[in-house]
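Shown here: coords09.txt, compact mmCIF, C-alpha atoms.
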# COMPACT_ATOMS: atom_id res chain seq x y z
CA MET B 101 2.79 -13.86 22.44
CA LYS B 102 1.68 -12.35 19.13
CA LYS B 103 2.32 -14.45 16.05
CA LEU B 104 4.73 -13.14 13.43
CA LEU B 105 2.74 -12.50 10.26
CA ASP B 106 4.10 -13.67 6.92
CA LEU B 107 3.80 -11.26 3.99
CA TYR B 108 5.00 -12.46 0.61
CA ARG B 109 6.44 -10.35 -2.18
CA HIS B 110 5.64 -11.24 -5.77
CA LYS B 111 8.46 -13.20 -7.42
CA ASN B 112 8.03 -11.62 -10.84
CA GLN B 113 10.97 -9.24 -11.27
CA THR B 114 9.13 -7.03 -13.77
CA LEU B 115 6.37 -6.44 -11.21
CA ASN B 116 8.89 -5.72 -8.49
CA ASP B 117 10.61 -3.21 -10.76
CA ALA B 118 7.24 -1.52 -11.27
CA PHE B 119 6.77 -1.31 -7.49
CA ASP B 120 10.26 0.12 -7.14
CA ARG B 121 9.22 2.94 -9.48
CA ILE B 122 6.33 3.72 -7.12
CA VAL B 123 8.75 3.57 -4.19
CA VAL B 124 10.95 6.20 -5.85
CA ASN B 125 7.97 8.52 -6.39
CA ILE B 126 6.79 8.10 -2.80
CA HIS B 127 10.30 8.67 -1.48
CA LEU B 128 10.52 11.90 -3.49
CA GLN B 129 7.21 13.03 -2.00
CA LYS B 130 8.67 12.47 1.47
CA GLN B 131 11.92 14.18 0.60
CA LYS B 132 10.30 17.25 -1.00
CA ASN B 133 7.14 17.60 1.09
CA GLY B 134 7.71 15.57 4.25
CA TYR B 135 4.88 13.15 3.45
CA LYS B 136 4.77 9.99 5.58
CA SER B 137 1.21 8.71 5.54
CA PHE B 138 -0.24 7.42 2.27
CA LEU B 139 -3.74 6.10 1.64
CA LEU B 140 -4.16 3.55 -1.14
CA VAL B 141 -7.77 3.33 -2.24
CA GLY B 142 -9.49 1.78 -5.23
CA THR B 143 -11.72 3.69 -7.59
CA GLU B 144 -14.11 0.74 -7.15
CA PRO B 145 -14.03 -2.75 -5.58
CA MET B 146 -11.90 -5.62 -6.93
CA VAL B 147 -9.17 -3.51 -8.52
CA GLY B 148 -6.42 -5.13 -6.43
CA THR B 149 -5.73 -2.38 -3.89
CA THR B 150 -4.72 -4.79 -1.11
CA THR B 151 -2.21 -6.56 -3.35
CA ILE B 152 -0.72 -3.19 -4.33
CA ALA B 153 -0.58 -2.05 -0.69
CA ILE B 154 1.17 -5.22 0.50
CA ASN B 155 3.79 -5.21 -2.24
CA LEU B 156 4.40 -1.49 -1.89
CA ALA B 157 4.89 -1.77 1.87
CA ILE B 158 7.32 -4.65 1.40
CA SER B 159 9.22 -2.73 -1.29
CA LEU B 160 9.55 0.30 0.99
CA SER B 161 10.90 -1.86 3.81
CA VAL B 162 13.33 -3.63 1.49
CA SER B 163 14.59 -0.19 0.46
CA GLY B 164 15.58 0.42 4.08
CA TRP B 165 12.66 2.46 5.43
CA LYS B 166 10.76 1.52 8.56
CA THR B 167 7.23 0.97 7.28
CA ILE B 168 3.87 0.02 8.71
CA LEU B 169 0.95 -1.34 6.68
CA ILE B 170 -2.53 -0.75 8.12
CA ASP B 171 -5.65 -2.63 7.12
CA GLY B 172 -8.45 -0.13 7.70
CA ASP B 173 -11.32 -2.22 6.31
CA MET B 174 -13.68 -2.78 9.26
CA ARG B 175 -16.50 -4.02 7.07
CA LYS B 176 -15.11 -7.10 5.32
CA ASP B 177 -15.55 -10.39 7.23
CA ILE B 178 -12.39 -12.18 8.34
CA GLU B 179 -13.05 -15.09 5.97
CA PHE B 180 -12.46 -12.69 3.08
CA LYS B 181 -9.29 -11.20 4.58
CA ARG B 182 -5.92 -12.22 3.18
CA LEU B 183 -3.68 -11.57 6.19
CA ASN B 184 -5.63 -11.42 9.42
CA GLU B 185 -6.37 -15.06 10.27
CA GLU B 186 -3.85 -15.15 13.13
CA ALA B 187 -4.50 -11.63 14.44
CA GLU B 188 -6.59 -11.79 17.59
CA ILE B 189 -6.27 -8.10 18.53
CA ASN B 190 -6.74 -5.52 15.82
CA LEU B 191 -7.33 -1.91 14.84
CA SER B 192 -10.98 -1.76 15.87
CA ASP B 193 -10.06 -3.04 19.35
CA TYR B 194 -7.68 -0.13 19.82
CA LEU B 195 -10.02 2.50 18.39
CA SER B 196 -12.86 1.30 20.62
CA GLY B 197 -10.63 1.51 23.70
CA HIS B 198 -10.23 -2.24 24.28
CA ALA B 199 -6.53 -2.52 23.46
CA GLU B 200 -3.29 -0.57 23.67
CA GLN B 201 -1.36 0.58 20.62
CA GLU B 202 1.44 -1.95 21.12
CA ASP B 203 -1.13 -4.76 21.21
CA ILE B 204 -2.26 -4.22 17.63
CA ILE B 205 1.15 -3.84 15.94
CA TYR B 206 2.42 -7.16 14.58
CA ASP B 207 5.91 -8.05 13.43
CA THR B 208 6.25 -9.52 9.94
CA ASN B 209 8.83 -11.67 8.21
CA TRP B 210 10.32 -8.44 6.77
CA GLU B 211 12.69 -6.79 9.24
CA LEU B 212 11.55 -3.19 8.74
CA LEU B 213 7.86 -3.88 8.12
CA ASP B 214 5.12 -3.98 10.75
CA TYR B 215 1.41 -4.58 10.26
CA ILE B 216 -1.83 -3.51 11.92
CA PRO B 217 -4.68 -5.89 11.07
CA CYS B 218 -8.39 -5.19 11.09
CA VAL B 219 -11.35 -7.54 11.40
CA GLY B 220 -14.73 -6.76 9.87
CA LYS B 221 -16.83 -7.00 13.00
CA GLU B 222 -17.45 -3.34 13.71
CA GLU B 223 -20.96 -1.92 13.22
CA SER B 224 -19.84 1.69 13.23
CA PRO B 225 -16.45 2.04 11.50
CA VAL B 226 -17.11 5.69 10.64
CA ARG B 227 -17.41 6.57 14.33
CA LEU B 228 -14.08 4.89 15.09
CA LEU B 229 -12.22 6.36 12.13
CA CYS B 230 -13.40 9.83 13.15
CA SER B 231 -12.35 9.32 16.77
CA THR B 232 -9.57 11.06 18.69
CA GLN B 233 -8.00 7.61 19.07
CA MET B 234 -7.48 7.49 15.31
CA GLU B 235 -5.88 10.92 15.39
CA LEU B 236 -3.59 9.83 18.24
CA LEU B 237 -2.62 6.60 16.48
CA LEU B 238 -1.66 8.43 13.30
CA LYS B 239 0.36 10.99 15.25
CA ASN B 240 2.25 8.28 17.17
CA LEU B 241 3.00 6.23 14.06
CA GLU B 242 4.32 9.27 12.20
CA GLU B 243 6.87 9.71 14.99
CA GLU B 244 8.00 6.08 14.84
CA TYR B 245 7.87 5.12 11.15
CA ASP B 246 9.29 6.46 7.90
CA PHE B 247 6.18 5.44 5.95
CA ILE B 248 2.58 4.56 6.84
CA ILE B 249 0.51 2.77 4.21
CA PHE B 250 -3.26 2.56 4.66
CA ASP B 251 -5.43 0.06 2.77
CA LEU B 252 -9.13 0.97 2.87
CA PRO B 253 -12.36 0.07 1.01
CA SER B 254 -12.84 1.63 -2.42
CA MET B 255 -14.09 5.18 -2.84
CA ASN B 256 -17.56 4.24 -4.05
CA SER B 257 -18.21 1.32 -1.69
CA ALA B 258 -17.99 3.12 1.68
CA VAL B 259 -17.28 6.55 3.13
CA ASP B 260 -14.55 5.13 5.38
CA SER B 261 -11.83 6.01 2.89
CA HIS B 262 -13.11 9.59 2.69
CA ILE B 263 -12.26 10.07 6.37
CA LEU B 264 -8.69 8.80 6.13
CA ALA B 265 -8.12 10.53 2.80
CA ALA B 266 -8.52 13.87 4.57
CA LYS B 267 -6.19 12.80 7.40
CA CYS B 268 -3.31 11.28 5.41
CA ASP B 269 -0.55 13.29 3.81
CA ALA B 270 -1.32 11.90 0.36
CA VAL B 271 -3.71 9.61 -1.51
CA CYS B 272 -2.93 7.19 -4.34
CA LEU B 273 -5.90 5.97 -6.35
CA VAL B 274 -5.77 2.41 -7.65
CA ALA B 275 -7.51 1.54 -10.90
CA SER B 276 -7.66 -1.68 -12.89
CA LEU B 277 -6.69 -1.20 -16.52
CA GLY B 278 -9.49 -2.48 -18.73
CA ASP B 279 -11.93 -2.89 -15.84
CA SER B 280 -12.15 0.48 -14.11
CA SER B 281 -14.31 2.98 -15.96
CA LYS B 282 -13.30 6.56 -16.65
CA THR B 283 -16.44 7.61 -14.81
CA SER B 284 -15.39 5.84 -11.60
CA LEU B 285 -11.94 7.39 -11.83
CA PHE B 286 -13.26 10.91 -12.41
CA ASP B 287 -15.90 10.50 -9.67
CA ALA B 288 -13.27 9.29 -7.18
CA LYS B 289 -10.97 12.21 -7.97
CA LYS B 290 -13.85 14.67 -7.70
CA THR B 291 -14.83 13.27 -4.30
CA LEU B 292 -11.24 13.48 -3.05
CA ASP B 293 -10.95 17.08 -4.24
CA GLY B 294 -14.21 17.90 -2.48
CA ILE B 295 -12.96 16.67 0.91
CA GLY B 296 -9.62 18.40 0.56
CA ALA B 297 -7.55 15.25 0.03
CA ASN B 298 -4.10 15.48 -1.54
CA THR B 299 -4.30 13.09 -4.49
CA ILE B 300 -0.81 12.58 -5.92
CA GLY B 301 -1.50 10.04 -8.64
CA VAL B 302 -3.12 6.90 -9.98
CA ILE B 303 -1.64 3.40 -9.87
CA ALA B 304 -2.76 1.33 -12.86
CA ASN B 305 -3.11 -2.32 -11.85
CA LYS B 306 -3.59 -5.47 -13.93
CA VAL B 307 -1.55 -4.17 -16.85
CA ASP B 308 -0.42 -6.95 -19.17
CA LYS B 309 3.18 -7.15 -20.37
CA ARG B 310 2.49 -5.79 -23.86
CA GLU B 311 0.73 -2.72 -22.51
CA TYR B 312 3.44 -2.19 -19.90
CA LYS B 313 6.11 -2.31 -22.60
CA GLN B 314 4.29 0.38 -24.59
CA HIS B 315 4.74 2.77 -21.68
CA MET B 316 8.10 1.48 -20.41
CA LYS B 317 9.82 0.48 -23.64
CA ASN B 318 13.15 -0.49 -22.10
CA PHE B 319 11.94 -1.96 -18.81
CA ASP B 320 13.99 -5.14 -19.43
CA TYR B 321 17.05 -3.42 -20.90
CA PHE B 322 19.49 -4.66 -18.26
CA LYS B 323 18.23 -8.23 -18.51
CA LYS B 324 18.60 -8.60 -22.25
CA TYR B 325 21.19 -11.15 -23.28
CA ARG B 326 22.58 -9.02 -26.07
CA TYR B 327 23.22 -6.15 -23.65
CA ALA B 328 25.05 -8.40 -21.19
CA LYS B 329 27.04 -9.99 -24.02
CA ALA B 330 27.99 -6.59 -25.51
CA ASN B 331 29.20 -5.35 -22.13
CA HIS B 332 31.22 -8.52 -21.61
CA MET B 333 32.90 -8.11 -25.00
CA LYS B 334 33.77 -4.49 -24.22
CA ARG B 335 35.44 -5.51 -20.95
CA ASP B 336 37.45 -8.16 -22.78
With the file now loaded, output its structure as C-alpha cells.
Amino acid sequence: MKKLLDLYRHKNQTLNDAFDRIVVNIHLQKQKNGYKSFLLVGTEPMVGTTTIAINLAISLSVSGWKTILIDGDMRKDIEFKRLNEEAEINLSDYLSGHAEQEDIIYDTNWELLDYIPCVGKEESPVRLLCSTQMELLLKNLEEEYDFIIFDLPSMNSAVDSHILAAKCDAVCLVASLGDSSKTSLFDAKKTLDGIGANTIGVIANKVDKREYKQHMKNFDYFKKYRYAKANHMKRD
C-alpha cells in the first residue's frame, strides 16, 4: 500500500495571502482560456521554485479544486529531495514503461491534492520527457484534474524544463528578489519565447515584508486592530 505523503502549508498568513493572489490569477487563466497545466520554473537554481510549487498546489486544493503536483526533476538525487523519501515508484518508472499511471500517483494529507514524485536516477530524462508516455500522462491528468502543477529544474540548469514548457498550457517563471539577475530573467523569457511557450508572468520569491508592503500597501488592512475596533463601534 502506498504511503500517504504529508505536504505542509506555510503558517504565515501574509505568505498564504500572497499565494491566494496567485491562485486567483491562475483561476482566471483557467476561466478565460481553459488553462489547466502550469509549469513553475526558476530563472536559475536556488530561487525557491519547489517551495512555491508546493504552497501553490496546496492553496489551489484548499480553494476547492482537484490538483496534482508533479516533481519533474529526474536529475537531483533523492537525498536532496524534500518530499520523495517514502515514494518507491515514481514518474521515471512510468515514463520508462515500468509502472502504471495509478502506481505513481500518491495521496496527500490534503483532500483534493495528489502528488507524483520523481527520483533523480535517470540517465536520460530528456528522452523520457519527450516520450509518447509523457504526452499520454498529461492528456489523462487534464481529464481528471482541475489543475496540474509541474516543478522542474531551472531554465539555465537543464533543458528538461524547455520540453515541458512547450507542452503545458502556461509557464510561470520564479525569480528571487535580490538574488536573481535581470540577465537571467531576460534570458529565460527569451528562451521560452523561442520554444513557443506561453509565459504568463513572474513570481517574485524571497520578498521581505517591507518590500511587499511597498507593492501591496494594505495587505494587512483586515487584520489591523483599529479597523476591527472601528467596525465594532459602528455596529454598536
Item checked: Of the listed residues B:Lys111, B:Lys239, B:Lys166, B:Lys176, that which approaches Tyr215 in chain B most closely, counting only C-alpha atoms -> B:Lys166
Kindly list the centre and edge lengths in Å, rounded to one decimal, for the axis-aligned box that covers all listed atoms of range 197-209 of chain B plus 4 Å on each of its six sides, as lines of an AutoDock Vina configuration file.
center_x = -0.9
center_y = -5.1
center_z = 16.2
size_x = 27.5
size_y = 21.2
size_z = 24.1
Could you list, as a PDB file with C-alpha atoms, in the coordinates of the input, every residue within 12 Å of Leu195 in chain B, counting all atoms listed in the file and ignoring same-chain residues fewer than 4 positions away?
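Written out: selection_39.pdb:
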ATOM      1  CA  GLY B 172      -8.450  -0.130   7.700  1.00  0.00           C
ATOM      2  CA  MET B 174     -13.680  -2.780   9.260  1.00  0.00           C
ATOM      3  CA  ILE B 189      -6.270  -8.100  18.530  1.00  0.00           C
ATOM      4  CA  ASN B 190      -6.740  -5.520  15.820  1.00  0.00           C
ATOM      5  CA  LEU B 191      -7.330  -1.910  14.840  1.00  0.00           C
ATOM      6  CA  ALA B 199      -6.530  -2.520  23.460  1.00  0.00           C
ATOM      7  CA  GLU B 200      -3.290  -0.570  23.670  1.00  0.00           C
ATOM      8  CA  GLN B 201      -1.360   0.580  20.620  1.00  0.00           C
ATOM      9  CA  ASP B 203      -1.130  -4.760  21.210  1.00  0.00           C
ATOM     10  CA  ILE B 204      -2.260  -4.220  17.630  1.00  0.00           C
ATOM     11  CA  CYS B 218      -8.390  -5.190  11.090  1.00  0.00           C
ATOM     12  CA  GLU B 222     -17.450  -3.340  13.710  1.00  0.00           C
ATOM     13  CA  SER B 224     -19.840   1.690  13.230  1.00  0.00           C
ATOM     14  CA  PRO B 225     -16.450   2.040  11.500  1.00  0.00           C
ATOM     15  CA  VAL B 226     -17.110   5.690  10.640  1.00  0.00           C
ATOM     16  CA  ARG B 227     -17.410   6.570  14.330  1.00  0.00           C
ATOM     17  CA  LEU B 228     -14.080   4.890  15.090  1.00  0.00           C
ATOM     18  CA  LEU B 229     -12.220   6.360  12.130  1.00  0.00           C
ATOM     19  CA  CYS B 230     -13.400   9.830  13.150  1.00  0.00           C
ATOM     20  CA  SER B 231     -12.350   9.320  16.770  1.00  0.00           C
ATOM     21  CA  THR B 232      -9.570  11.060  18.690  1.00  0.00           C
ATOM     22  CA  GLN B 233      -8.000   7.610  19.070  1.00  0.00           C
ATOM     23  CA  MET B 234      -7.480   7.490  15.310  1.00  0.00           C
ATOM     24  CA  GLU B 235      -5.880  10.920  15.390  1.00  0.00           C
ATOM     25  CA  LEU B 236      -3.590   9.830  18.240  1.00  0.00           C
ATOM     26  CA  LEU B 237      -2.620   6.600  16.480  1.00  0.00           C
ATOM     27  CA  LEU B 238      -1.660   8.430  13.300  1.00  0.00           C
TER      28      LEU B 238
END
Note to self: Rounded to one decimal, what separation in Å do you get between CA of Lys306 in chain B and CA of Val147 in chain B?
What the structure shows: 8.0 Å
Item checked: For Ala266 in chain B, the nearest of the candidates B:Leu139, B:Ile152, B:Ala288, B:Ile158, counting all atoms listed in the file ->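 With all atoms listed in the file as the atom set, the closest residue is B:Leu139.
When only C-alpha atoms are used to compute distances to Met146 in chain B, the closest of the residues B:Leu160, B:Cys268, B:Leu105, B:Leu277 turns out to be B:Leu277.
Residues in contact with Gly134 in chain B at 12 Å, where only C-alpha atoms are counted and same-chain residues fewer than 4 positions away are skipped, are listed as Ile126, His127, Leu128, Gln129, Lys130, Phe138, Glu242, Asp246, Phe247, Cys268, Asp269 and Ala270 of chain B.
Look at Ala275 in chain B: the protein and nucleic acid residues within 8 Å of it, using all atoms listed in the file and passing over chain neighbours fewer than 6 places away, are Gly142, Thr143, Glu144, Val147, Leu285, Val302, Ile303, Ala304 and Asn305 of chain B.
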Next item on the list: Extract, using only C-alpha atoms, all DNA, RNA and protein residues at most 12 Å from Phe250 in chain B, discarding same-chain residues fewer than 2 positions from it, and format them as a VMD selection string.
Entry: chain B and resid 136 to 142 149 to 150 152 to 154 156 to 157 167 to 173 191 215 to 218 238 241 247 to 248 252 to 254 260 to 261 263 to 265 267 to 273
Notebook entry, point to check: Separation of CA of Arg121 in chain B and CA of Glu244 in chain B, in Å?
Noted result: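 Separation between CA of Arg121 in chain B and CA of Glu244 in chain B: 24.6 Å.
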Next item on the list: Would you mind reading off the distance between CA of Arg109 in chain B and CA of Asn155 in chain B, one decimal, in Å?
Entry: 5.8 Å
Note to self: Nearest residue to Asn298 in chain B out of B:Asp207, B:Leu115, B:Tyr135, B:His198, using all atoms listed in the file?
What the structure shows: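 Under the stated criterion, the closest residue is B:Tyr135.
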Notebook entry, point to check: From the list B:Arg175, B:Glu243, B:Asp117, B:Trp210, which residue is nearest Val259 in chain B when using only C-alpha atoms?
Noted result: B:Arg175
Next item on the list: Considering all atoms listed in the file, state which residue in the set B:Tyr206, B:Lys282, B:Ala118, B:Leu213 is at the smallest distance from Tyr245 in chain B.
Entry: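 Closest to Tyr245 in chain B of all the choices is B:Leu213.
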